[in-house]
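Here is the structure we will look at, set down as structure tokens.
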There are 2 protein chains.
Amino acid sequence: MLTIGDLSRRTGVKIPTIRYYEQRGLLAPAERSDGNQRRYGKRERERLSFIKHARDLGLTIEAIRELIVLSSHPEWPCEQADRIAAEQLLSVRGKIAKLQSLERELVRIATHCGGDQVKDCYVIRALADHELCEGEH
Amino acid sequence: MLTIGDLSRRTGVKIPTIRYYEQRGLLAPAERSDGNQRRYGKRERERLSFIKHARDLGLTIEAIRELIVLSSHPEWPCEQADRIAAEQLLSVRGKIAKLQSLERELVRIATHCGGDQVKDCYVIRALADHELCEGEH
DNA sequence: TGCACGATCTCCAGTAGCTGGAGATACGGA
DNA sequence: TCCGTATCTCCAGCTACTGGAGATCGTGCA
């Protein structure tokens with residue numbers, strides 16, 4: 001059996017985060033030692049890896065909760081899991097698009113500074129005057 | 001003079017958010033009517049637009065605070081403003097890169113689902129088994 | 001002048017997803 | 001048995017808001 005510290009080192013998930021996942025119901029309440037310390041087996045380690053992987057992909061706690069329910073019902077159709085992945089993909093793509101437009105704007109702002117005093121600084125002027133922007137954001 | 005509602009409509013910043021900015025010191029404490037309601041002039045409107053623009057670009061409250069200090073000292077050198085913009089650009093690019101790697105992973109996961117039951121679902125399997133991933137994340 | 005109704009006030013709590021500290025207890029090797 | 005590290009629970013705080021409760025203000029209309 002692993003202690004919470006062992007589990008943390010093996011999965012790369014911090015100890016308070018593990019307890020937080022338990023509290024949020026992503027992990028079942030852990031078995032305890034005689035002295036009330038959490039002990040984990042292989043199943044729990046796998047589930048935590050699953051959670052970490054999903055979090056790394058940007059899924060919310062709620063989405064992960066759904067996936068966990070699904071994964072414990074192997075005979076269910078997997079449409080819902082596909083839908084969650086597809087929605088996350090859409091969301092990631094939306095974020096990328098938004099960030100790319102910010103990137104263009106920042107490049108323009110950051111490379112246009114002509115003066116060397118704040119009063120001529122393009123960064124400051126561009127922020128103060130939205131008219132200087134290209135495109136919408 | 002504008003009421004807080006007028007200011008909100010003209011800048012697109014919600015009323016509680018305006019009060020929050022005041023509380024955080026990005027906006028000076030507003031003038032008040034006889035009945036203690038906030039009243040705003042042109043200067044405050046411009047400053048709020050500046051803040052909104054910077055927030056839309058993803059700058060933190062702290063970064064904006066620095067920029068506001070700078071913009072009220074027109075004779076200072078603008079290196080610091082340039083630095084803030086450049087740092088934000090780096091951070092945005094980092095986020096884009098990370099999201100793009102997530103995107104690739106999600107595309108792979110979401111398009112590979114062969115079966116129609118959860119037990120064969122690639123989405124679930126990929127999350128459970130990091131070995132199925134390409135690249136690092 | 002009185003009233004009705006929407007706008008605004010302050011204060012507080014909640015959101016997501018952790019993160020860290022305080023003070024008490026458990027574990028494991030010498 | 002002792003010591004040092006790990007873990008326990010509880011609670012508060014982080015960012016950047018957002019929303020509700022209950023009270024007060026402002027304004028148009030009769």
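Ligands are numbered from 1 in the order shown, chains are lettered A, B, ... in the order of the structure tokens, and residues start at 1 in each chain.
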**Request:** Looking only at strand (DSSP E) from DSSP on the backbone, list the matching residues of chain B as a PyMOL selection string.
**Result:** chain B and resi 31-32+38-39
Quick one: write out the picked residues with C-alpha atoms as a compact mmCIF listing (two decimals), in the first residue's frame?
# COMPACT_ATOMS: atom_id res chain seq x y z
CA GLU B 31 -16.83 61.06 -6.72
CA ARG B 32 -20.21 60.69 -5.07
CA ARG B 38 -20.79 57.01 -7.73
CA ARG B 39 -20.43 59.60 -10.49
Could you list, with a cut-off of 10 Å and counting only C-alpha atoms (C1' of nucleotides), the residues of chain D near chain B, each shown with its nearest atom pair and the distance in Å rounded to one decimal, rows sorted by chain and ascending number, as a tab-separated table?
residue	atom	partner	partner_atom	distance
D:DT15	C1'	B:Thr60	CA	8.7
D:DA16	C1'	B:Ile61	CA	8.3
D:DC17	C1'	B:Thr17	CA	6.5
D:DT18	C1'	B:Pro16	CA	7.4
D:DG19	C1'	B:Pro16	CA	9.0
D:DT24	C1'	B:Gly35	CA	8.4
D:DC25	C1'	B:Gly35	CA	5.9
D:DG26	C1'	B:Gly35	CA	8.7
**Message:** For C:DC11, find every residue with an atom within 12 Å (counting only C-alpha atoms (C1' of nucleotides)), except residues of its own chain fewer than 6 positions away, and show them as an NGL selection string.
**Reply:** :D and (20-23)
**Sel. of alpha helix (DSSP H) residues, stretch 50-88 of chain A, as an NGL selection string** = :A and (50-56 or 61-71 or 79-88)
If you count only C-alpha atoms (C1' of nucleotides), which residues fall within 9 Å of A:Leu127, apart from same-chain ones fewer than 6 positions away, as an mmCIF file with C-alpha atoms, in the first residue's frame?
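Resulting contents of part23.cif:
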data_model
loop_
_atom_site.group_PDB
_atom_site.id
_atom_site.type_symbol
_atom_site.label_atom_id
_atom_site.label_comp_id
_atom_site.auth_asym_id
_atom_site.auth_seq_id
_atom_site.Cartn_x
_atom_site.Cartn_y
_atom_site.Cartn_z
ATOM 1 C CA ILE A 109 2.061 46.882 -29.669
ATOM 2 C CA CYS A 133 -6.060 48.329 -32.633
ATOM 3 C CA SER B 49 -11.344 51.601 -21.111
ATOM 4 C CA PHE B 50 -7.592 51.329 -20.655
ATOM 5 C CA ILE B 51 -8.110 48.711 -17.961
ATOM 6 C CA LYS B 52 -10.620 46.758 -20.008
ATOM 7 C CA HIS B 53 -8.356 46.759 -23.011
ATOM 8 C CA ALA B 54 -5.445 45.512 -20.954
#
Using only C-alpha atoms, I'd like a table of the residues in chain A that come within 8 Å of chain B; for each, show the closest atom pair and its distance in Å rounded to one decimal, ordered by chain and ascending number, as a tab-separated table.
residue	atom	partner	partner_atom	distance
A:Glu46	CA	B:Ala128	CA	7.0
A:Arg47	CA	B:Ala128	CA	7.4
A:Ser49	CA	B:Ala128	CA	6.9
A:Phe50	CA	B:Ala128	CA	4.7
A:Ile51	CA	B:Leu127	CA	7.9
A:His53	CA	B:Leu127	CA	6.0
A:Ala54	CA	B:Leu127	CA	6.3
A:Asp56	CA	B:His137	CA	7.0
A:Leu57	CA	B:Leu102	CA	5.8
A:Leu67	CA	B:Ile124	CA	7.3
A:Leu70	CA	B:Val118	CA	6.8
A:Ser71	CA	B:Val118	CA	6.5
A:His73	CA	B:Val118	CA	6.9
A:Pro74	CA	B:Lys119	CA	4.2
A:Glu75	CA	B:Gln117	CA	5.6
A:Trp76	CA	B:Gln117	CA	5.4
A:Pro77	CA	B:Gln117	CA	4.2
A:Cys78	CA	B:Val118	CA	4.6
A:Glu79	CA	B:Asp116	CA	7.3
A:Ala81	CA	B:Val123	CA	6.5
A:Asp82	CA	B:Ala110	CA	6.1
A:Ala85	CA	B:Ala110	CA	5.8
A:Ala86	CA	B:Ala110	CA	6.2
A:Gln88	CA	B:Leu106	CA	7.8
A:Leu89	CA	B:Leu106	CA	6.0
A:Val92	CA	B:Leu99	CA	6.4
A:Arg93	CA	B:Glu103	CA	7.0
A:Lys95	CA	B:Leu99	CA	7.9
A:Ile96	CA	B:Ile96	CA	5.8
A:Leu99	CA	B:Val92	CA	6.4
A:Gln100	CA	B:Ile96	CA	7.2
A:Leu102	CA	B:Leu57	CA	5.8
A:Glu103	CA	B:Leu89	CA	6.2
A:Leu106	CA	B:Leu89	CA	5.9
A:Val107	CA	B:Leu89	CA	7.0
A:Ile109	CA	B:Ala85	CA	7.5
A:Ala110	CA	B:Ala85	CA	5.8
A:Cys113	CA	B:Asp82	CA	7.6
A:Gly115	CA	B:Cys78	CA	7.9
A:Asp116	CA	B:Pro77	CA	5.4
A:Gln117	CA	B:Pro77	CA	4.2
A:Val118	CA	B:Cys78	CA	4.6
A:Lys119	CA	B:Pro74	CA	4.2
A:Asp120	CA	B:Pro74	CA	7.9
A:Cys121	CA	B:Cys78	CA	6.1
A:Val123	CA	B:Ala81	CA	6.4
A:Ile124	CA	B:Ser71	CA	6.6
A:Leu127	CA	B:Phe50	CA	5.3
A:Ala128	CA	B:Phe50	CA	4.7
A:Asp129	CA	B:Phe50	CA	7.4
A:His130	CA	B:His53	CA	7.3
A:His137	CA	B:Asp56	CA	7.0
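Across B:Arg108, B:Arg45, B:Arg65, B:Arg9, the tightest approach to B:Ala30 is made by B:Arg45 when counting only C-alpha atoms.
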For chain C versus chain B, which residues have an atom no more than 12 Å away, and what is each residue's nearest atom pair and distance in Å rounded to one decimal, using only C-alpha atoms (C1' of nucleotides), chain-then-number order, as a tab-separated table?
residue	atom	partner	partner_atom	distance
C:DG6	C1'	B:Gly5	CA	11.6
C:DA7	C1'	B:Gly5	CA	7.8
C:DT8	C1'	B:Gln37	CA	6.5
C:DC9	C1'	B:Gln37	CA	7.0
C:DT10	C1'	B:Arg19	CA	11.0
Closest atom pairs, residues of chain D within 10 Å of stretch 20-27 of chain C, only C-alpha atoms (C1' of nucleotides), as a tab-separated table:
residue	atom	partner	partner_atom	distance
D:DT5	C1'	C:DC27	C1'	8.7
D:DA6	C1'	C:DC27	C1'	7.5
D:DT7	C1'	C:DA26	C1'	7.0
D:DC8	C1'	C:DT25	C1'	6.8
D:DT9	C1'	C:DA24	C1'	9.0
D:DC10	C1'	C:DA22	C1'	9.2
D:DC11	C1'	C:DG21	C1'	9.1
D:DA12	C1'	C:DG21	C1'	8.7
D:DG13	C1'	C:DG20	C1'	8.4
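Put simply, atom C1' of C:DC5 is 25.7 Å away from atom CA of B:Thr11.
Counting only C-alpha atoms (C1' of nucleotides), the residue from A:Val13, A:Met1, A:Leu59, A:Leu26 that sits nearest to C:DC18 is A:Val13.
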**Request:** Tell me, in Å to one decimal, how far atom CA of B:Leu2 is from atom CA of B:Lys42.
**Result:** 8.8 Å
